[in-house]
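**Student:** File follows, upload-v7.txt with compact mmCIF, N, CA and C atoms and all ligand atoms:
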```
# COMPACT_ATOMS: atom_id res chain seq x y z
N MET A 1 -77.37 -36.93 -197.50
CA MET A 1 -76.13 -37.20 -198.23
C MET A 1 -76.42 -37.31 -199.72
N ALA A 2 -75.69 -36.54 -200.50
CA ALA A 2 -75.76 -36.65 -201.96
C ALA A 2 -74.39 -37.03 -202.47
N THR A 3 -74.15 -38.35 -202.57
CA THR A 3 -72.83 -38.80 -203.03
C THR A 3 -72.70 -38.55 -204.51
N GLU A 4 -71.61 -37.89 -204.89
CA GLU A 4 -71.36 -37.53 -206.28
C GLU A 4 -69.93 -37.91 -206.63
N ARG A 5 -69.69 -37.90 -207.94
CA ARG A 5 -68.32 -37.97 -208.43
C ARG A 5 -68.01 -36.70 -209.21
N THR A 6 -66.73 -36.32 -209.18
CA THR A 6 -66.29 -35.17 -209.95
C THR A 6 -64.91 -35.44 -210.50
N LEU A 7 -64.56 -34.73 -211.58
CA LEU A 7 -63.22 -34.87 -212.14
C LEU A 7 -62.32 -33.76 -211.60
N SER A 8 -61.16 -34.18 -211.12
CA SER A 8 -60.10 -33.25 -210.73
C SER A 8 -58.90 -33.52 -211.61
N ILE A 9 -58.14 -32.48 -211.91
CA ILE A 9 -56.84 -32.66 -212.58
C ILE A 9 -55.80 -31.86 -211.81
N VAL A 10 -54.71 -32.53 -211.41
CA VAL A 10 -53.54 -31.78 -210.95
C VAL A 10 -52.79 -31.39 -212.22
N LYS A 11 -52.76 -30.08 -212.49
CA LYS A 11 -52.25 -29.56 -213.75
C LYS A 11 -50.71 -29.60 -213.79
N PRO A 12 -50.11 -29.31 -214.96
CA PRO A 12 -48.66 -29.47 -215.09
C PRO A 12 -47.85 -28.73 -214.02
N ASP A 13 -48.26 -27.53 -213.62
CA ASP A 13 -47.47 -26.82 -212.59
C ASP A 13 -47.55 -27.54 -211.26
N GLY A 14 -48.71 -28.10 -210.94
CA GLY A 14 -48.86 -28.83 -209.68
C GLY A 14 -48.01 -30.08 -209.63
N VAL A 15 -47.93 -30.79 -210.77
CA VAL A 15 -47.11 -32.00 -210.84
C VAL A 15 -45.63 -31.61 -210.79
N GLN A 16 -45.24 -30.63 -211.64
CA GLN A 16 -43.82 -30.24 -211.72
C GLN A 16 -43.31 -29.67 -210.40
N ASN A 17 -44.15 -28.96 -209.68
CA ASN A 17 -43.72 -28.33 -208.43
C ASN A 17 -43.84 -29.25 -207.22
N GLY A 18 -44.25 -30.50 -207.45
CA GLY A 18 -44.25 -31.47 -206.36
C GLY A 18 -45.42 -31.36 -205.39
N HIS A 19 -46.59 -30.95 -205.91
CA HIS A 19 -47.73 -30.76 -205.02
C HIS A 19 -48.78 -31.88 -205.08
N ILE A 20 -48.49 -32.96 -205.81
CA ILE A 20 -49.48 -34.05 -205.89
C ILE A 20 -49.84 -34.54 -204.48
N GLY A 21 -48.83 -34.80 -203.67
CA GLY A 21 -49.08 -35.39 -202.36
C GLY A 21 -49.99 -34.52 -201.50
N HIS A 22 -49.72 -33.23 -201.46
CA HIS A 22 -50.53 -32.38 -200.60
C HIS A 22 -51.94 -32.20 -201.15
N VAL A 23 -52.04 -32.12 -202.49
CA VAL A 23 -53.39 -31.96 -203.07
C VAL A 23 -54.24 -33.19 -202.73
N LEU A 24 -53.66 -34.38 -202.84
CA LEU A 24 -54.43 -35.59 -202.49
C LEU A 24 -54.79 -35.57 -201.00
N THR A 25 -53.89 -35.10 -200.17
CA THR A 25 -54.17 -35.01 -198.73
C THR A 25 -55.33 -34.06 -198.46
N VAL A 26 -55.35 -32.93 -199.17
CA VAL A 26 -56.46 -31.98 -199.00
C VAL A 26 -57.79 -32.65 -199.34
N PHE A 27 -57.81 -33.39 -200.45
CA PHE A 27 -59.06 -34.05 -200.85
C PHE A 27 -59.48 -35.09 -199.80
N GLU A 28 -58.54 -35.94 -199.40
CA GLU A 28 -58.89 -37.01 -198.46
C GLU A 28 -59.28 -36.44 -197.09
N ALA A 29 -58.60 -35.39 -196.67
CA ALA A 29 -58.93 -34.79 -195.38
C ALA A 29 -60.32 -34.18 -195.38
N ALA A 30 -60.78 -33.79 -196.58
CA ALA A 30 -62.12 -33.20 -196.71
C ALA A 30 -63.19 -34.28 -196.92
N GLY A 31 -62.78 -35.54 -196.89
CA GLY A 31 -63.76 -36.62 -197.02
C GLY A 31 -64.04 -37.04 -198.44
N LEU A 32 -63.19 -36.61 -199.38
CA LEU A 32 -63.36 -37.04 -200.77
C LEU A 32 -62.46 -38.25 -201.02
N ARG A 33 -63.06 -39.32 -201.51
CA ARG A 33 -62.33 -40.55 -201.81
C ARG A 33 -61.75 -40.48 -203.22
N ILE A 34 -60.53 -41.01 -203.40
CA ILE A 34 -59.94 -41.09 -204.73
C ILE A 34 -60.50 -42.36 -205.38
N ALA A 35 -61.44 -42.19 -206.32
CA ALA A 35 -62.11 -43.33 -206.94
C ALA A 35 -61.36 -43.84 -208.17
N ALA A 36 -60.52 -43.00 -208.77
CA ALA A 36 -59.69 -43.41 -209.91
C ALA A 36 -58.58 -42.37 -210.06
N ALA A 37 -57.44 -42.80 -210.62
CA ALA A 37 -56.32 -41.89 -210.82
C ALA A 37 -55.45 -42.38 -211.96
N ARG A 38 -54.93 -41.44 -212.75
CA ARG A 38 -53.99 -41.80 -213.84
C ARG A 38 -53.11 -40.60 -214.17
N LEU A 39 -51.80 -40.85 -214.22
CA LEU A 39 -50.85 -39.80 -214.62
C LEU A 39 -50.63 -39.91 -216.12
N VAL A 40 -50.86 -38.83 -216.84
CA VAL A 40 -50.72 -38.85 -218.30
C VAL A 40 -50.10 -37.54 -218.79
N HIS A 41 -49.48 -37.63 -219.96
CA HIS A 41 -49.04 -36.42 -220.65
C HIS A 41 -49.99 -36.25 -221.84
N LEU A 42 -50.89 -35.29 -221.76
CA LEU A 42 -51.93 -35.13 -222.77
C LEU A 42 -51.35 -34.65 -224.09
N THR A 43 -51.93 -35.12 -225.19
CA THR A 43 -51.64 -34.57 -226.51
C THR A 43 -52.47 -33.30 -226.70
N SER A 44 -52.09 -32.51 -227.70
CA SER A 44 -52.87 -31.30 -228.01
C SER A 44 -54.30 -31.67 -228.40
N ALA A 45 -54.45 -32.77 -229.13
CA ALA A 45 -55.80 -33.19 -229.54
C ALA A 45 -56.65 -33.53 -228.32
N GLN A 46 -56.05 -34.22 -227.36
CA GLN A 46 -56.80 -34.60 -226.15
C GLN A 46 -57.16 -33.37 -225.32
N ALA A 47 -56.19 -32.50 -225.06
CA ALA A 47 -56.46 -31.31 -224.26
C ALA A 47 -57.46 -30.39 -224.98
N GLY A 48 -57.30 -30.27 -226.28
CA GLY A 48 -58.21 -29.43 -227.06
C GLY A 48 -59.64 -29.95 -227.01
N ALA A 49 -59.80 -31.26 -227.08
CA ALA A 49 -61.14 -31.84 -227.02
C ALA A 49 -61.72 -31.72 -225.61
N PHE A 50 -60.88 -31.91 -224.61
CA PHE A 50 -61.37 -31.80 -223.23
C PHE A 50 -61.89 -30.40 -222.94
N TYR A 51 -61.18 -29.37 -223.45
CA TYR A 51 -61.56 -27.98 -223.20
C TYR A 51 -62.36 -27.38 -224.36
N GLN A 52 -63.05 -28.23 -225.10
CA GLN A 52 -63.80 -27.77 -226.28
C GLN A 52 -64.77 -26.63 -225.95
N GLU A 53 -65.36 -26.66 -224.75
CA GLU A 53 -66.32 -25.61 -224.38
C GLU A 53 -65.68 -24.23 -224.34
N HIS A 54 -64.32 -24.18 -224.24
CA HIS A 54 -63.61 -22.89 -224.18
C HIS A 54 -63.00 -22.52 -225.53
N ALA A 55 -63.33 -23.26 -226.59
CA ALA A 55 -62.65 -23.09 -227.88
C ALA A 55 -62.76 -21.69 -228.45
N ALA A 56 -63.84 -20.98 -228.13
CA ALA A 56 -64.04 -19.64 -228.68
C ALA A 56 -63.36 -18.56 -227.83
N ARG A 57 -62.85 -18.94 -226.67
CA ARG A 57 -62.23 -17.93 -225.79
C ARG A 57 -60.80 -17.63 -226.24
N PRO A 58 -60.35 -16.37 -226.09
CA PRO A 58 -58.98 -16.02 -226.49
C PRO A 58 -57.92 -16.87 -225.79
N VAL A 59 -58.25 -17.36 -224.60
CA VAL A 59 -57.28 -18.08 -223.78
C VAL A 59 -57.11 -19.55 -224.22
N TYR A 60 -57.92 -20.00 -225.17
CA TYR A 60 -57.96 -21.44 -225.51
C TYR A 60 -56.58 -21.98 -225.94
N GLY A 61 -55.91 -21.29 -226.85
CA GLY A 61 -54.62 -21.78 -227.35
C GLY A 61 -53.59 -21.88 -226.24
N GLU A 62 -53.56 -20.84 -225.41
CA GLU A 62 -52.63 -20.82 -224.26
C GLU A 62 -52.97 -21.95 -223.28
N LEU A 63 -54.25 -22.18 -223.09
CA LEU A 63 -54.70 -23.23 -222.16
C LEU A 63 -54.27 -24.61 -222.65
N VAL A 64 -54.47 -24.87 -223.95
CA VAL A 64 -54.08 -26.17 -224.51
C VAL A 64 -52.56 -26.34 -224.45
N ASP A 65 -51.81 -25.28 -224.79
CA ASP A 65 -50.34 -25.36 -224.72
C ASP A 65 -49.88 -25.68 -223.30
N TYR A 66 -50.49 -24.99 -222.35
CA TYR A 66 -50.11 -25.19 -220.94
C TYR A 66 -50.45 -26.61 -220.47
N MET A 67 -51.65 -27.08 -220.80
CA MET A 67 -52.09 -28.39 -220.32
C MET A 67 -51.32 -29.55 -220.96
N THR A 68 -50.59 -29.25 -222.04
CA THR A 68 -49.77 -30.28 -222.69
C THR A 68 -48.28 -30.06 -222.41
N SER A 69 -47.95 -29.15 -221.49
CA SER A 69 -46.54 -28.82 -221.24
C SER A 69 -45.85 -29.82 -220.33
N GLY A 70 -46.59 -30.71 -219.73
CA GLY A 70 -46.02 -31.72 -218.84
C GLY A 70 -47.12 -32.66 -218.38
N PRO A 71 -46.74 -33.68 -217.60
CA PRO A 71 -47.74 -34.64 -217.14
C PRO A 71 -48.80 -33.99 -216.23
N VAL A 72 -49.97 -34.57 -216.24
CA VAL A 72 -51.06 -34.17 -215.34
C VAL A 72 -51.57 -35.41 -214.62
N LEU A 73 -52.14 -35.22 -213.44
CA LEU A 73 -52.76 -36.33 -212.71
C LEU A 73 -54.27 -36.20 -212.83
N LEU A 74 -54.88 -37.15 -213.51
CA LEU A 74 -56.34 -37.19 -213.66
C LEU A 74 -56.92 -37.94 -212.46
N LEU A 75 -57.95 -37.37 -211.83
CA LEU A 75 -58.53 -37.97 -210.64
C LEU A 75 -60.05 -37.98 -210.73
N VAL A 76 -60.66 -39.04 -210.25
CA VAL A 76 -62.09 -39.02 -209.97
C VAL A 76 -62.24 -38.99 -208.46
N LEU A 77 -62.91 -37.95 -207.98
CA LEU A 77 -63.17 -37.81 -206.55
C LEU A 77 -64.61 -38.17 -206.27
N GLU A 78 -64.84 -38.82 -205.14
CA GLU A 78 -66.19 -39.27 -204.79
C GLU A 78 -66.50 -38.89 -203.36
N GLY A 79 -67.69 -38.37 -203.14
CA GLY A 79 -68.09 -38.04 -201.78
C GLY A 79 -69.34 -37.18 -201.77
N ASP A 80 -69.73 -36.78 -200.57
CA ASP A 80 -70.92 -35.96 -200.40
C ASP A 80 -70.70 -34.61 -201.10
N GLN A 81 -71.58 -34.27 -202.05
CA GLN A 81 -71.50 -33.01 -202.79
C GLN A 81 -70.09 -32.75 -203.32
N ALA A 82 -69.54 -33.79 -203.95
CA ALA A 82 -68.13 -33.75 -204.38
C ALA A 82 -67.86 -32.61 -205.36
N VAL A 83 -68.81 -32.28 -206.23
CA VAL A 83 -68.56 -31.24 -207.23
C VAL A 83 -68.32 -29.89 -206.54
N ALA A 84 -69.24 -29.50 -205.68
CA ALA A 84 -69.13 -28.21 -204.99
C ALA A 84 -67.99 -28.22 -203.97
N ARG A 85 -67.82 -29.34 -203.31
CA ARG A 85 -66.77 -29.45 -202.28
C ARG A 85 -65.39 -29.25 -202.93
N ASN A 86 -65.20 -29.92 -204.08
CA ASN A 86 -63.92 -29.79 -204.77
C ASN A 86 -63.69 -28.35 -205.21
N ARG A 87 -64.74 -27.70 -205.73
CA ARG A 87 -64.57 -26.30 -206.16
C ARG A 87 -64.19 -25.40 -204.97
N GLU A 88 -64.76 -25.68 -203.80
CA GLU A 88 -64.39 -24.91 -202.60
C GLU A 88 -62.93 -25.12 -202.24
N LEU A 89 -62.50 -26.38 -202.30
CA LEU A 89 -61.11 -26.69 -201.93
C LEU A 89 -60.12 -26.08 -202.91
N MET A 90 -60.52 -25.99 -204.20
CA MET A 90 -59.65 -25.42 -205.24
C MET A 90 -59.44 -23.92 -205.05
N GLY A 91 -60.52 -23.19 -204.79
CA GLY A 91 -60.47 -21.73 -204.77
C GLY A 91 -60.72 -21.15 -206.15
N ALA A 92 -60.78 -19.82 -206.22
CA ALA A 92 -61.13 -19.12 -207.46
C ALA A 92 -60.07 -19.35 -208.54
N THR A 93 -60.51 -19.20 -209.81
CA THR A 93 -59.62 -19.40 -210.96
C THR A 93 -58.35 -18.56 -210.83
N ASP A 94 -58.52 -17.29 -210.47
CA ASP A 94 -57.40 -16.37 -210.31
C ASP A 94 -56.89 -16.46 -208.87
N PRO A 95 -55.65 -16.89 -208.67
CA PRO A 95 -55.17 -17.07 -207.29
C PRO A 95 -55.25 -15.80 -206.45
N ALA A 96 -55.22 -14.64 -207.12
CA ALA A 96 -55.34 -13.38 -206.37
C ALA A 96 -56.72 -13.24 -205.74
N GLN A 97 -57.70 -13.94 -206.29
CA GLN A 97 -59.07 -13.91 -205.77
C GLN A 97 -59.39 -15.12 -204.89
N ALA A 98 -58.47 -16.08 -204.81
CA ALA A 98 -58.76 -17.34 -204.11
C ALA A 98 -58.72 -17.15 -202.60
N ALA A 99 -59.63 -17.82 -201.90
CA ALA A 99 -59.71 -17.71 -200.44
C ALA A 99 -58.50 -18.36 -199.78
N ASP A 100 -58.16 -17.86 -198.61
CA ASP A 100 -57.05 -18.43 -197.84
C ASP A 100 -57.30 -19.92 -197.60
N GLY A 101 -56.23 -20.69 -197.68
CA GLY A 101 -56.32 -22.11 -197.41
C GLY A 101 -56.70 -22.97 -198.58
N THR A 102 -57.12 -22.34 -199.70
CA THR A 102 -57.48 -23.13 -200.88
C THR A 102 -56.20 -23.54 -201.63
N ILE A 103 -56.36 -24.58 -202.45
CA ILE A 103 -55.20 -25.11 -203.19
C ILE A 103 -54.61 -24.04 -204.11
N ARG A 104 -55.49 -23.30 -204.80
CA ARG A 104 -54.98 -22.28 -205.71
C ARG A 104 -54.34 -21.12 -204.96
N LYS A 105 -54.86 -20.76 -203.80
CA LYS A 105 -54.22 -19.71 -203.00
C LYS A 105 -52.81 -20.13 -202.59
N LEU A 106 -52.69 -21.42 -202.24
CA LEU A 106 -51.40 -21.93 -201.79
C LEU A 106 -50.39 -22.03 -202.93
N TYR A 107 -50.82 -22.53 -204.09
CA TYR A 107 -49.86 -23.00 -205.09
C TYR A 107 -49.96 -22.36 -206.46
N ALA A 108 -51.09 -21.78 -206.84
CA ALA A 108 -51.24 -21.29 -208.22
C ALA A 108 -50.28 -20.13 -208.48
N GLU A 109 -49.69 -20.15 -209.67
CA GLU A 109 -48.73 -19.11 -210.06
C GLU A 109 -49.43 -17.96 -210.77
N SER A 110 -50.54 -18.23 -211.42
CA SER A 110 -51.25 -17.23 -212.22
C SER A 110 -52.64 -17.76 -212.53
N LYS A 111 -53.43 -16.95 -213.21
CA LYS A 111 -54.78 -17.37 -213.61
C LYS A 111 -54.71 -18.56 -214.57
N GLY A 112 -53.66 -18.66 -215.34
CA GLY A 112 -53.50 -19.79 -216.26
C GLY A 112 -52.89 -21.00 -215.57
N ARG A 113 -51.76 -20.78 -214.91
CA ARG A 113 -51.04 -21.88 -214.23
C ARG A 113 -51.59 -21.99 -212.82
N ASN A 114 -52.77 -22.59 -212.71
CA ASN A 114 -53.51 -22.53 -211.45
C ASN A 114 -53.73 -23.89 -210.80
N THR A 115 -52.82 -24.83 -211.07
CA THR A 115 -52.57 -26.03 -210.24
C THR A 115 -53.61 -27.13 -210.33
N VAL A 116 -54.90 -26.77 -210.36
CA VAL A 116 -55.94 -27.81 -210.38
C VAL A 116 -57.10 -27.42 -211.30
N HIS A 117 -57.72 -28.44 -211.85
CA HIS A 117 -59.00 -28.33 -212.55
C HIS A 117 -60.06 -29.02 -211.70
N GLY A 118 -61.29 -28.54 -211.78
CA GLY A 118 -62.40 -29.25 -211.16
C GLY A 118 -63.67 -29.04 -211.96
N SER A 119 -64.44 -30.08 -212.14
CA SER A 119 -65.71 -29.97 -212.85
C SER A 119 -66.58 -28.91 -212.19
N ASP A 120 -67.34 -28.15 -213.00
CA ASP A 120 -68.11 -27.04 -212.45
C ASP A 120 -69.58 -27.35 -212.22
N SER A 121 -70.03 -28.56 -212.56
CA SER A 121 -71.43 -28.96 -212.35
C SER A 121 -71.51 -30.48 -212.43
N ALA A 122 -72.64 -31.02 -212.02
CA ALA A 122 -72.82 -32.47 -212.11
C ALA A 122 -72.78 -32.94 -213.56
N ALA A 123 -73.36 -32.13 -214.45
CA ALA A 123 -73.35 -32.51 -215.88
C ALA A 123 -71.93 -32.49 -216.44
N SER A 124 -71.16 -31.44 -216.09
CA SER A 124 -69.76 -31.39 -216.54
C SER A 124 -68.98 -32.56 -215.97
N ALA A 125 -69.23 -32.89 -214.71
CA ALA A 125 -68.50 -33.99 -214.08
C ALA A 125 -68.75 -35.30 -214.82
N ALA A 126 -69.99 -35.57 -215.16
CA ALA A 126 -70.31 -36.82 -215.88
C ALA A 126 -69.60 -36.86 -217.23
N ARG A 127 -69.64 -35.73 -217.95
CA ARG A 127 -68.99 -35.66 -219.27
C ARG A 127 -67.47 -35.79 -219.13
N GLU A 128 -66.89 -35.10 -218.16
CA GLU A 128 -65.43 -35.08 -218.02
C GLU A 128 -64.90 -36.42 -217.52
N ILE A 129 -65.62 -37.06 -216.60
CA ILE A 129 -65.18 -38.38 -216.13
C ILE A 129 -65.23 -39.37 -217.29
N ALA A 130 -66.30 -39.33 -218.06
CA ALA A 130 -66.44 -40.26 -219.19
C ALA A 130 -65.38 -40.00 -220.27
N PHE A 131 -64.90 -38.76 -220.36
CA PHE A 131 -63.87 -38.43 -221.35
C PHE A 131 -62.58 -39.18 -221.04
N PHE A 132 -62.24 -39.30 -219.76
CA PHE A 132 -60.93 -39.87 -219.39
C PHE A 132 -61.00 -41.27 -218.81
N PHE A 133 -62.14 -41.68 -218.26
CA PHE A 133 -62.20 -42.95 -217.54
C PHE A 133 -63.36 -43.80 -218.05
N SER A 134 -63.11 -45.10 -218.05
CA SER A 134 -64.12 -46.06 -218.49
C SER A 134 -64.85 -46.67 -217.30
N GLN A 135 -66.16 -46.63 -217.34
CA GLN A 135 -66.95 -47.21 -216.25
C GLN A 135 -66.64 -48.69 -216.08
N ALA A 136 -66.46 -49.39 -217.20
CA ALA A 136 -66.27 -50.84 -217.12
C ALA A 136 -64.90 -51.22 -216.57
N PHE A 137 -63.91 -50.39 -216.83
CA PHE A 137 -62.53 -50.81 -216.51
C PHE A 137 -61.94 -50.07 -215.32
N ASP A 138 -62.12 -48.73 -215.25
CA ASP A 138 -61.40 -47.91 -214.29
C ASP A 138 -62.17 -47.63 -213.02
N LEU A 139 -63.50 -47.63 -213.12
CA LEU A 139 -64.32 -47.19 -212.00
C LEU A 139 -65.15 -48.36 -211.48
N THR A 140 -65.21 -48.45 -210.16
CA THR A 140 -66.03 -49.50 -209.58
C THR A 140 -67.11 -48.90 -208.69
P1 LIG A 201 -61.94 -22.82 -213.74
O1 LIG A 201 -60.73 -23.71 -214.02
O2 LIG A 201 -61.82 -22.12 -212.42
O3 LIG A 201 -63.24 -23.56 -213.89
P2 LIG A 201 -62.48 -21.59 -216.33
O4 LIG A 201 -63.07 -20.24 -216.53
O5 LIG A 201 -63.31 -22.79 -216.63
O6 LIG A 201 -61.90 -21.66 -214.83
O7 LIG A 201 -61.17 -21.62 -217.23
C1 LIG A 201 -60.51 -22.84 -217.51
C2 LIG A 201 -59.02 -22.64 -217.36
O8 LIG A 201 -58.55 -21.73 -218.38
C3 LIG A 201 -58.55 -22.00 -216.06
O9 LIG A 201 -58.47 -22.89 -214.98
C4 LIG A 201 -57.20 -21.46 -216.45
O10 LIG A 201 -56.20 -22.47 -216.47
C5 LIG A 201 -57.46 -20.98 -217.87
N1 LIG A 201 -57.82 -19.57 -217.89
C6 LIG A 201 -59.04 -19.02 -217.67
N2 LIG A 201 -59.00 -17.68 -217.76
C7 LIG A 201 -57.71 -17.37 -218.05
C8 LIG A 201 -57.02 -16.11 -218.26
O11 LIG A 201 -57.60 -15.02 -218.20
N3 LIG A 201 -55.68 -16.22 -218.53
C9 LIG A 201 -55.02 -17.41 -218.62
N4 LIG A 201 -55.63 -18.58 -218.42
C10 LIG A 201 -56.95 -18.58 -218.13
MG MG A 202 -64.04 -24.45 -215.60
```
Using structure tokens, write down the structure from this file.
**Tutor:**
Amino acid sequence: MATERTLSIVKPDGVQNGHIGHVLTVFEAAGLRIAAARLVHLTSAQAGAFYQEHAARPVYGELVDYMTSGPVLLLVLEGDQAVARNRELMGATDPAQAADGTIRKLYAESKGRNTVHGSDSAASAAREIAFFFSQAFDLT
């Protein structure tokens, strides 16, 4: 067992389309515990800083606009190999490429409006969790 934590975000389309409940059910059914959660409407500064690694990509402006278009649900998931497990449950970035049964296959509208975010490595997870959640206050 390699218990890990990872950051998940239910993106604006997932919140607006009413998929929070099912996304949480998918995580819990897969054995991932919800270790922290917060619903927020991100500012451009916050979304821009969170996605700083993508700042040089053409999609960056569109991504920041989209992520600030409505509330998002920030989640810390915990469980065995949580980083990889969450990425499996999410499916590929482009819903046309996502495997059957994945969250993005079910709900994503496009490569941009793709319902969920998930950390892509243990290092990203540590950085992303620390960006949104405080060890002293939010996480036990
Ligand atoms: P990931 O979310 O599957 O890890 P990344 O390549 O890290 O994918 O891209 C971050 C986010 O940027 C994607 O989830 C998606 O919302 C957006 N994005 C990536 N590529 C495109 C694109 O070609 N068009 C529109 N949005 C994109
Ligand atoms: Mg990514």
**Student:** For ligand MG 202 (chain A), return the neighbouring residues as a list in words (distance at most 7 Å; only C-alpha atoms and all ligand atoms).
**Tutor:**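 If we count only C-alpha atoms and all ligand atoms, the neighbours of ligand MG 202 (chain A) turn out to be Gly118, Ser119 and Asp120 of chain A.
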**Student:** Grab the atom C of Gly101 of chain A to atom CA of Leu24 of chain A distance for me, in Å with one decimal place.
**Tutor:**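 Spanning atom C of Gly101 of chain A to atom CA of Leu24 of chain A is a straight-line distance of 13.4 Å.
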**Student:** Counting only C-alpha atoms and all ligand atoms, which residues of chain A sit at most 7 Å from some atom of ligand LIG 201 (chain A), and what is each one's closest atom pair with its distance in Å to one decimal, listed by chain and rising residue number, as JSON lines?
**Tutor:**
```
{"residue": "A:Val59", "atom": "CA", "partner": "A:LIG201", "partner_atom": "N4", "distance": 5.6}
{"residue": "A:Glu62", "atom": "CA", "partner": "A:LIG201", "partner_atom": "N4", "distance": 6.9}
{"residue": "A:Leu63", "atom": "CA", "partner": "A:LIG201", "partner_atom": "C5", "distance": 5.6}
{"residue": "A:Ala92", "atom": "CA", "partner": "A:LIG201", "partner_atom": "O2", "distance": 5.8}
{"residue": "A:Thr93", "atom": "CA", "partner": "A:LIG201", "partner_atom": "O2", "distance": 3.8}
{"residue": "A:Lys111", "atom": "CA", "partner": "A:LIG201", "partner_atom": "C9", "distance": 5.0}
{"residue": "A:Gly112", "atom": "CA", "partner": "A:LIG201", "partner_atom": "N4", "distance": 3.3}
{"residue": "A:Arg113", "atom": "CA", "partner": "A:LIG201", "partner_atom": "O10", "distance": 5.7}
{"residue": "A:Asn114", "atom": "CA", "partner": "A:LIG201", "partner_atom": "O10", "distance": 5.7}
{"residue": "A:His117", "atom": "CA", "partner": "A:LIG201", "partner_atom": "O1", "distance": 5.1}
{"residue": "A:Gly118", "atom": "CA", "partner": "A:LIG201", "partner_atom": "O3", "distance": 6.4}
{"residue": "A:Ser119", "atom": "CA", "partner": "A:LIG201", "partner_atom": "O3", "distance": 6.9}
{"residue": "A:Asp120", "atom": "CA", "partner": "A:LIG201", "partner_atom": "O3", "distance": 6.2}
```
**Student:** So that I can see what lies close to Val83 of chain A, please list as a short mmCIF file (atom, residue, chain, number, x, y, z; two decimals) with N, CA and C atoms, keeping the file's coordinate frame the residues with an atom at most 6 Å from it, counting all atoms listed in the file and leaving out residues fewer than 6 positions away in the same chain.
**Tutor:**
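To be explicit, this is the file written out as out_0.cif:
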```
data_model
loop_
_atom_site.label_atom_id
_atom_site.label_comp_id
_atom_site.auth_asym_id
_atom_site.auth_seq_id
_atom_site.Cartn_x
_atom_site.Cartn_y
_atom_site.Cartn_z
N GLU A 4 -71.61 -37.89 -204.89
CA GLU A 4 -71.36 -37.53 -206.28
C GLU A 4 -69.93 -37.91 -206.63
N ARG A 5 -69.69 -37.90 -207.94
CA ARG A 5 -68.32 -37.97 -208.43
C ARG A 5 -68.01 -36.70 -209.21
N THR A 6 -66.73 -36.32 -209.18
CA THR A 6 -66.29 -35.17 -209.95
C THR A 6 -64.91 -35.44 -210.50
N SER A 119 -64.44 -30.08 -212.14
CA SER A 119 -65.71 -29.97 -212.85
C SER A 119 -66.58 -28.91 -212.19
#
```
**Student:** Have a look at atom CA of Ala99 of chain A and atom C of Gly21 of chain A and let me know their distance in Å, one decimal.
**Tutor:**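 Here the two named atoms are 19.4 Å from each other.
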